[in-house]
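Take a look at the structure set out below.
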Amino acid sequence: MNRRILLLACLFILSAMLHAQADDAPLIVSKAAVLMDSSTGTLLFYKNPDEEIPPASLTKLMTMHLVLREAEAGRLSLSKKISPPRQSWARNQPSRSSLMHLAEGQELTINDLMLGLAVPSGNDAAVAVALQLAPSVDSFVAMMNEAASKLGLEKTHFVEPSGISEYNMTTAREFASFCRFYVETYPQALKNYHSVETFSYPRAENVAEIFRENPGTITQSNHNSLLVGGRDTNNRFVEKFEGVDGLKTGYIDESGPNIALTALRDGTRFIAVILGAPAEWRGDRIRDEDGRRLLAWAFNHYKTVRPQLPELEQARVWKGKTNFAGLAPSLPLDFTSLKERANRLYWKTELIDPLIAPLPSGSPAGELILSDDQGELRRIPLLTTEDIEKGNFFKRLWDSIRLFFRKK
């Protein structure tokens, strides 16, 4: 628990430092927005980050998370063939639903359903997936909420798996945190699903033999205009943004246009979540331009620094069976920096003195301090890497005497 508190404190301090230094943040029109460095979770920009807004089809990312979790655990095969249940057929979805066009008599794989979620944003695909993982949609929704709770998403709640309900709820801050977890946990999903530009369904192999000559295939484009550009979407004013490889768009009247974006350039990845663009005919364009401005600002101002771990001295331990303990940083060394900083790095350690045995492995032992020519950049807690047992009576007595006179 102490380690978790320490981590959150470090991220908060780093975020505050970065905000203080980058004061030319872009103007964002949408109701709420967050820009996050993916490697550290540092917030680089936020606007109304904790306002609760329906995620719309961003909900499908949580639906996809549950599928990928089951697949990675070996409990579900993505190549499994299914026949879509009646409840998931396109004709049985609410009006104005986005669809992959599931229908009676079809056969497809779980992987097809995942593409149907990611590219055309099929509400029918969301229902079909839910009924593969749970006996009912309500049971699947309970799984979604349990997953959100375990990830610490306190204001995120779901009532159905597609995002069409205005009673699904999240915040820009929480959803950015979830997107970071999703990208870190399933990096292959970016290539396999979220950066796929078009999806065609049903194909000949999905329909009964008598329909295979003319299966009624519909080709749909990914709704993420920053990924595919204006050429294949309804929003023809937005060009591709270099490096974008996900994640998801969403829209219902109650939320307005939403988008979760991620982009990678030169080893630096950012995540942007934009909720509540104006619900008008230009809303998609406003949302996409907000996303473009945020990502461009991030790549223009920030970089991810990945320093090499220096050789760490051992920590002196008193009153133990051994006199020294190995040390290791408690956090990854990667951090976000303004581009003009961190070009030459310096390390030093500040150790707790005295360290008194017994000391279990993982005990706080001090800090590793990273600086550049302009000053301190980051402090990383150091932990012991081994158990140090209490020494015998004479060792403890001798060290007590030495410590007493050392203080004089």
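Following the order of the structure tokens, chains are lettered A, B, ..., residues in each are numbered from 1, and ligands are numbered from 1.
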Residues near segment 136-145 of chain A, cut-off 7 Å, only C-alpha atoms, skip fewer than 5 positions along chain, as a PyMOL selection string: chain A and resi 62+127+130-131+157-161
May I have the selected residues written with C-alpha atoms, as a short mmCIF file (atom, residue, chain, number, x, y, z; two decimals), in the first residue's frame?
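Saved the output as selection26.cif:
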data_model
loop_
_atom_site.label_atom_id
_atom_site.label_comp_id
_atom_site.auth_asym_id
_atom_site.auth_seq_id
_atom_site.Cartn_x
_atom_site.Cartn_y
_atom_site.Cartn_z
CA MET A 62 -14.02 -2.43 -22.21
CA VAL A 127 -24.13 -8.18 -27.96
CA ALA A 130 -21.32 -10.53 -24.49
CA LEU A 131 -23.31 -13.71 -25.05
CA HIS A 157 -20.06 2.42 -14.88
CA PHE A 158 -21.73 0.40 -17.61
CA VAL A 159 -25.32 -0.74 -18.19
CA GLU A 160 -24.81 -2.42 -21.59
CA PRO A 161 -21.81 -3.44 -23.75
#
Among segment 57-158 of chain A, which ones does DSSP assign to strand (DSSP E) (computed from the backbone)? Answer as an mmCIF file with N, CA and C atoms, in the first residue's frame.
data_model
loop_
_atom_site.group_PDB
_atom_site.id
_atom_site.type_symbol
_atom_site.label_atom_id
_atom_site.label_comp_id
_atom_site.auth_asym_id
_atom_site.auth_seq_id
_atom_site.Cartn_x
_atom_site.Cartn_y
_atom_site.Cartn_z
ATOM 1 N N LYS A 81 -15.446 -20.544 -34.009
ATOM 2 C CA LYS A 81 -16.549 -20.184 -34.893
ATOM 3 C C LYS A 81 -17.868 -20.234 -34.135
ATOM 4 N N ILE A 82 -18.710 -19.237 -34.392
ATOM 5 C CA ILE A 82 -20.012 -19.180 -33.733
ATOM 6 C C ILE A 82 -21.077 -18.800 -34.756
ATOM 7 N N LEU A 108 -19.209 -17.045 -38.111
ATOM 8 C CA LEU A 108 -18.024 -16.184 -38.070
ATOM 9 C C LEU A 108 -17.208 -16.521 -36.836
ATOM 10 N N THR A 109 -16.009 -15.949 -36.759
ATOM 11 C CA THR A 109 -15.124 -16.209 -35.629
ATOM 12 C C THR A 109 -15.234 -15.081 -34.594
#
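Counting only C-alpha atoms, the residue from A:Asp124, A:Glu174, A:Asp266, A:Glu107 that sits nearest to Glu51 of chain A is A:Glu174.
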Please report, as a list in words, each residue of segment 275-362 of chain A to which DSSP assigns helix (DSSP H, G or I) when run on this structure's backbone. Gly283, Asp284, Arg285, Ile286, Arg287, Asp288, Glu289, Asp290, Gly291, Arg292, Arg293, Leu294, Leu295, Ala296, Trp297, Ala298, Phe299, Asn300 and His301 of chain A
Now that the selection is made, can you save its residues with C-alpha atoms as a CSV table (one decimal), in the first residue's frame?
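selection27.csv, freshly written:
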chain,number,residue,atom,x,y,z
A,283,GLY,CA,-19.3,18.0,-34.0
A,284,ASP,CA,-17.1,15.2,-35.5
A,285,ARG,CA,-14.8,17.7,-37.1
A,286,ILE,CA,-14.5,19.7,-33.8
A,287,ARG,CA,-13.7,16.5,-31.9
A,288,ASP,CA,-11.1,15.4,-34.4
A,289,GLU,CA,-9.5,18.8,-34.5
A,290,ASP,CA,-9.3,18.9,-30.7
A,291,GLY,CA,-7.6,15.5,-30.9
A,292,ARG,CA,-5.2,16.7,-33.6
A,293,ARG,CA,-4.3,19.9,-31.6
A,294,LEU,CA,-3.6,17.9,-28.4
A,295,LEU,CA,-1.4,15.3,-30.1
A,296,ALA,CA,0.5,17.9,-32.1
A,297,TRP,CA,1.1,19.9,-29.0
A,298,ALA,CA,2.3,16.9,-27.1
A,299,PHE,CA,4.8,15.8,-29.8
A,300,ASN,CA,6.0,19.4,-30.3
A,301,HIS,CA,6.7,19.9,-26.6
Near Ser83 of chain A, counting only C-alpha atoms, which residues have an atom at most 12 Å away, once you skip same-chain residues fewer than 6 positions from it, shown as a PyMOL selection string? chain A and resi 89+102-110+112-113+125+128-129+131-132+206-208
Selection above as a file: N, CA and C atoms, as a compact mmCIF listing (two decimals), in the first residue's frame:
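In the end it all went to part.txt:
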# COMPACT_ATOMS: atom_id res chain seq x y z
N TRP A 89 -28.61 -10.17 -33.70
CA TRP A 89 -28.83 -9.88 -35.11
C TRP A 89 -29.03 -8.37 -35.30
N LEU A 102 -24.75 -8.50 -38.48
CA LEU A 102 -24.97 -9.90 -38.13
C LEU A 102 -26.40 -10.29 -38.49
N ALA A 103 -26.55 -11.55 -38.90
CA ALA A 103 -27.88 -12.00 -39.31
C ALA A 103 -28.00 -13.51 -39.09
N GLU A 104 -29.23 -13.97 -39.19
CA GLU A 104 -29.53 -15.39 -39.03
C GLU A 104 -28.78 -16.22 -40.08
N GLY A 105 -28.28 -17.38 -39.67
CA GLY A 105 -27.65 -18.30 -40.58
C GLY A 105 -26.19 -18.03 -40.88
N GLN A 106 -25.63 -16.98 -40.32
CA GLN A 106 -24.22 -16.67 -40.56
C GLN A 106 -23.32 -17.51 -39.64
N GLU A 107 -22.07 -17.59 -40.02
CA GLU A 107 -21.04 -18.20 -39.17
C GLU A 107 -19.79 -17.32 -39.25
N LEU A 108 -19.21 -17.05 -38.11
CA LEU A 108 -18.02 -16.18 -38.07
C LEU A 108 -17.21 -16.52 -36.84
N THR A 109 -16.01 -15.95 -36.76
CA THR A 109 -15.12 -16.21 -35.63
C THR A 109 -15.23 -15.08 -34.59
N ILE A 110 -14.72 -15.36 -33.41
CA ILE A 110 -14.64 -14.32 -32.38
C ILE A 110 -13.77 -13.17 -32.89
N ASP A 112 -13.56 -12.14 -35.94
CA ASP A 112 -14.42 -11.31 -36.80
C ASP A 112 -15.24 -10.34 -35.95
N LEU A 113 -15.76 -10.83 -34.83
CA LEU A 113 -16.55 -9.96 -33.95
C LEU A 113 -15.68 -8.83 -33.40
N ALA A 125 -22.21 -6.64 -32.78
CA ALA A 125 -21.02 -7.38 -32.39
C ALA A 125 -20.84 -7.36 -30.88
N ALA A 128 -23.19 -9.91 -29.40
CA ALA A 128 -22.73 -11.27 -29.70
C ALA A 128 -21.55 -11.66 -28.82
N VAL A 129 -20.62 -10.74 -28.63
CA VAL A 129 -19.46 -11.00 -27.76
C VAL A 129 -19.93 -11.23 -26.32
N LEU A 131 -22.65 -12.42 -25.22
CA LEU A 131 -23.31 -13.71 -25.05
C LEU A 131 -22.35 -14.88 -25.26
N GLN A 132 -21.16 -14.62 -25.74
CA GLN A 132 -20.13 -15.66 -25.78
C GLN A 132 -19.42 -15.80 -24.45
N ASN A 206 -19.02 -16.56 -44.54
CA ASN A 206 -19.88 -16.28 -43.39
C ASN A 206 -21.34 -16.64 -43.62
N VAL A 207 -21.72 -16.97 -44.87
CA VAL A 207 -23.13 -17.19 -45.17
C VAL A 207 -23.35 -18.62 -45.66
N ALA A 208 -24.61 -19.00 -45.70
CA ALA A 208 -24.96 -20.34 -46.18
C ALA A 208 -24.53 -20.50 -47.64
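Those residues that approach segment 267-269 of chain A to within 8 Å, counting only C-alpha atoms, are A:Asp37, A:Ser38, A:Ser39, A:Thr262, A:Ala263, A:Leu264, A:Arg265, A:Ile271, A:Lys303, A:Thr304; same-chain residues fewer than 2 positions away are not listed.
Compared by their closest atoms to Leu368 of chain A, and using only C-alpha atoms, the residues A:Pro202, A:Pro49, A:Pro332, A:Gly246 rank with A:Pro332 nearest.
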Selection near Arg180 of chain A, 8 Å with only C-alpha atoms, sequence-local residues under 2 positions removed, as a ChimeraX atom specification: /A:38,41,176-178,182-184,271
How would the residues just picked look written out with C-alpha atoms as an mmCIF file, in the first residue's frame?
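The new file out.cif reads:
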data_model
loop_
_atom_site.group_PDB
_atom_site.id
_atom_site.type_symbol
_atom_site.label_atom_id
_atom_site.label_comp_id
_atom_site.auth_asym_id
_atom_site.auth_seq_id
_atom_site.Cartn_x
_atom_site.Cartn_y
_atom_site.Cartn_z
ATOM 1 C CA SER A 38 1.594 6.448 -21.992
ATOM 2 C CA GLY A 41 0.685 7.888 -16.869
ATOM 3 C CA ALA A 176 -7.428 7.705 -20.354
ATOM 4 C CA SER A 177 -6.126 5.590 -17.480
ATOM 5 C CA PHE A 178 -8.060 2.609 -18.822
ATOM 6 C CA TYR A 182 -5.398 -1.493 -22.449
ATOM 7 C CA VAL A 183 -2.535 -0.451 -24.754
ATOM 8 C CA GLU A 184 0.110 -1.737 -22.322
ATOM 9 C CA ILE A 271 -3.036 8.919 -25.212
#
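Between atom CA of Gly250 of chain A and atom CA of Glu197 of chain A the interatomic distance comes to 16.3 Å.
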Near-Asn111 of chain A list (9 Å; only C-alpha atoms; drop same-chain fewer than 5 positions) as a PyMOL selection string: chain A and resi 77-80+116
Close residues, Ser195 of chain A itself excluded, 7 Å, only C-alpha atoms, min 5 positions apart in chain, as JSON, numbers by chain: {"A": [190, 227, 245, 246]}
Using only C-alpha atoms, pick whichever of A:Phe181, A:Trp398, A:Phe45, A:Tyr251 has the shortest atom-to-atom distance to Glu166 of chain A. A:Tyr251
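The spacing separating atom CA of Phe199 of chain A from atom CA of Leu35 of chain A amounts to 28.9 Å.
Interatomic distance, atom CA of Val244 of chain A against atom CA of Asn192 of chain A: 14.1 Å.
In this comparison, which uses only C-alpha atoms, the residue of A:Pro364, A:Gly391, A:Pro55, A:Pro26 approaching Ile274 of chain A most closely is A:Pro55.
With only C-alpha atoms as the atoms that count, the residue of A:Ala71, A:Arg316, A:Lys191, A:Val273 with the shortest distance to Leu43 of chain A is A:Val273.
Shortest atom-to-atom contact with Leu58 of chain A among A:Met100, A:Val305, A:Leu115, A:Ile252: A:Ile252, counting only C-alpha atoms.
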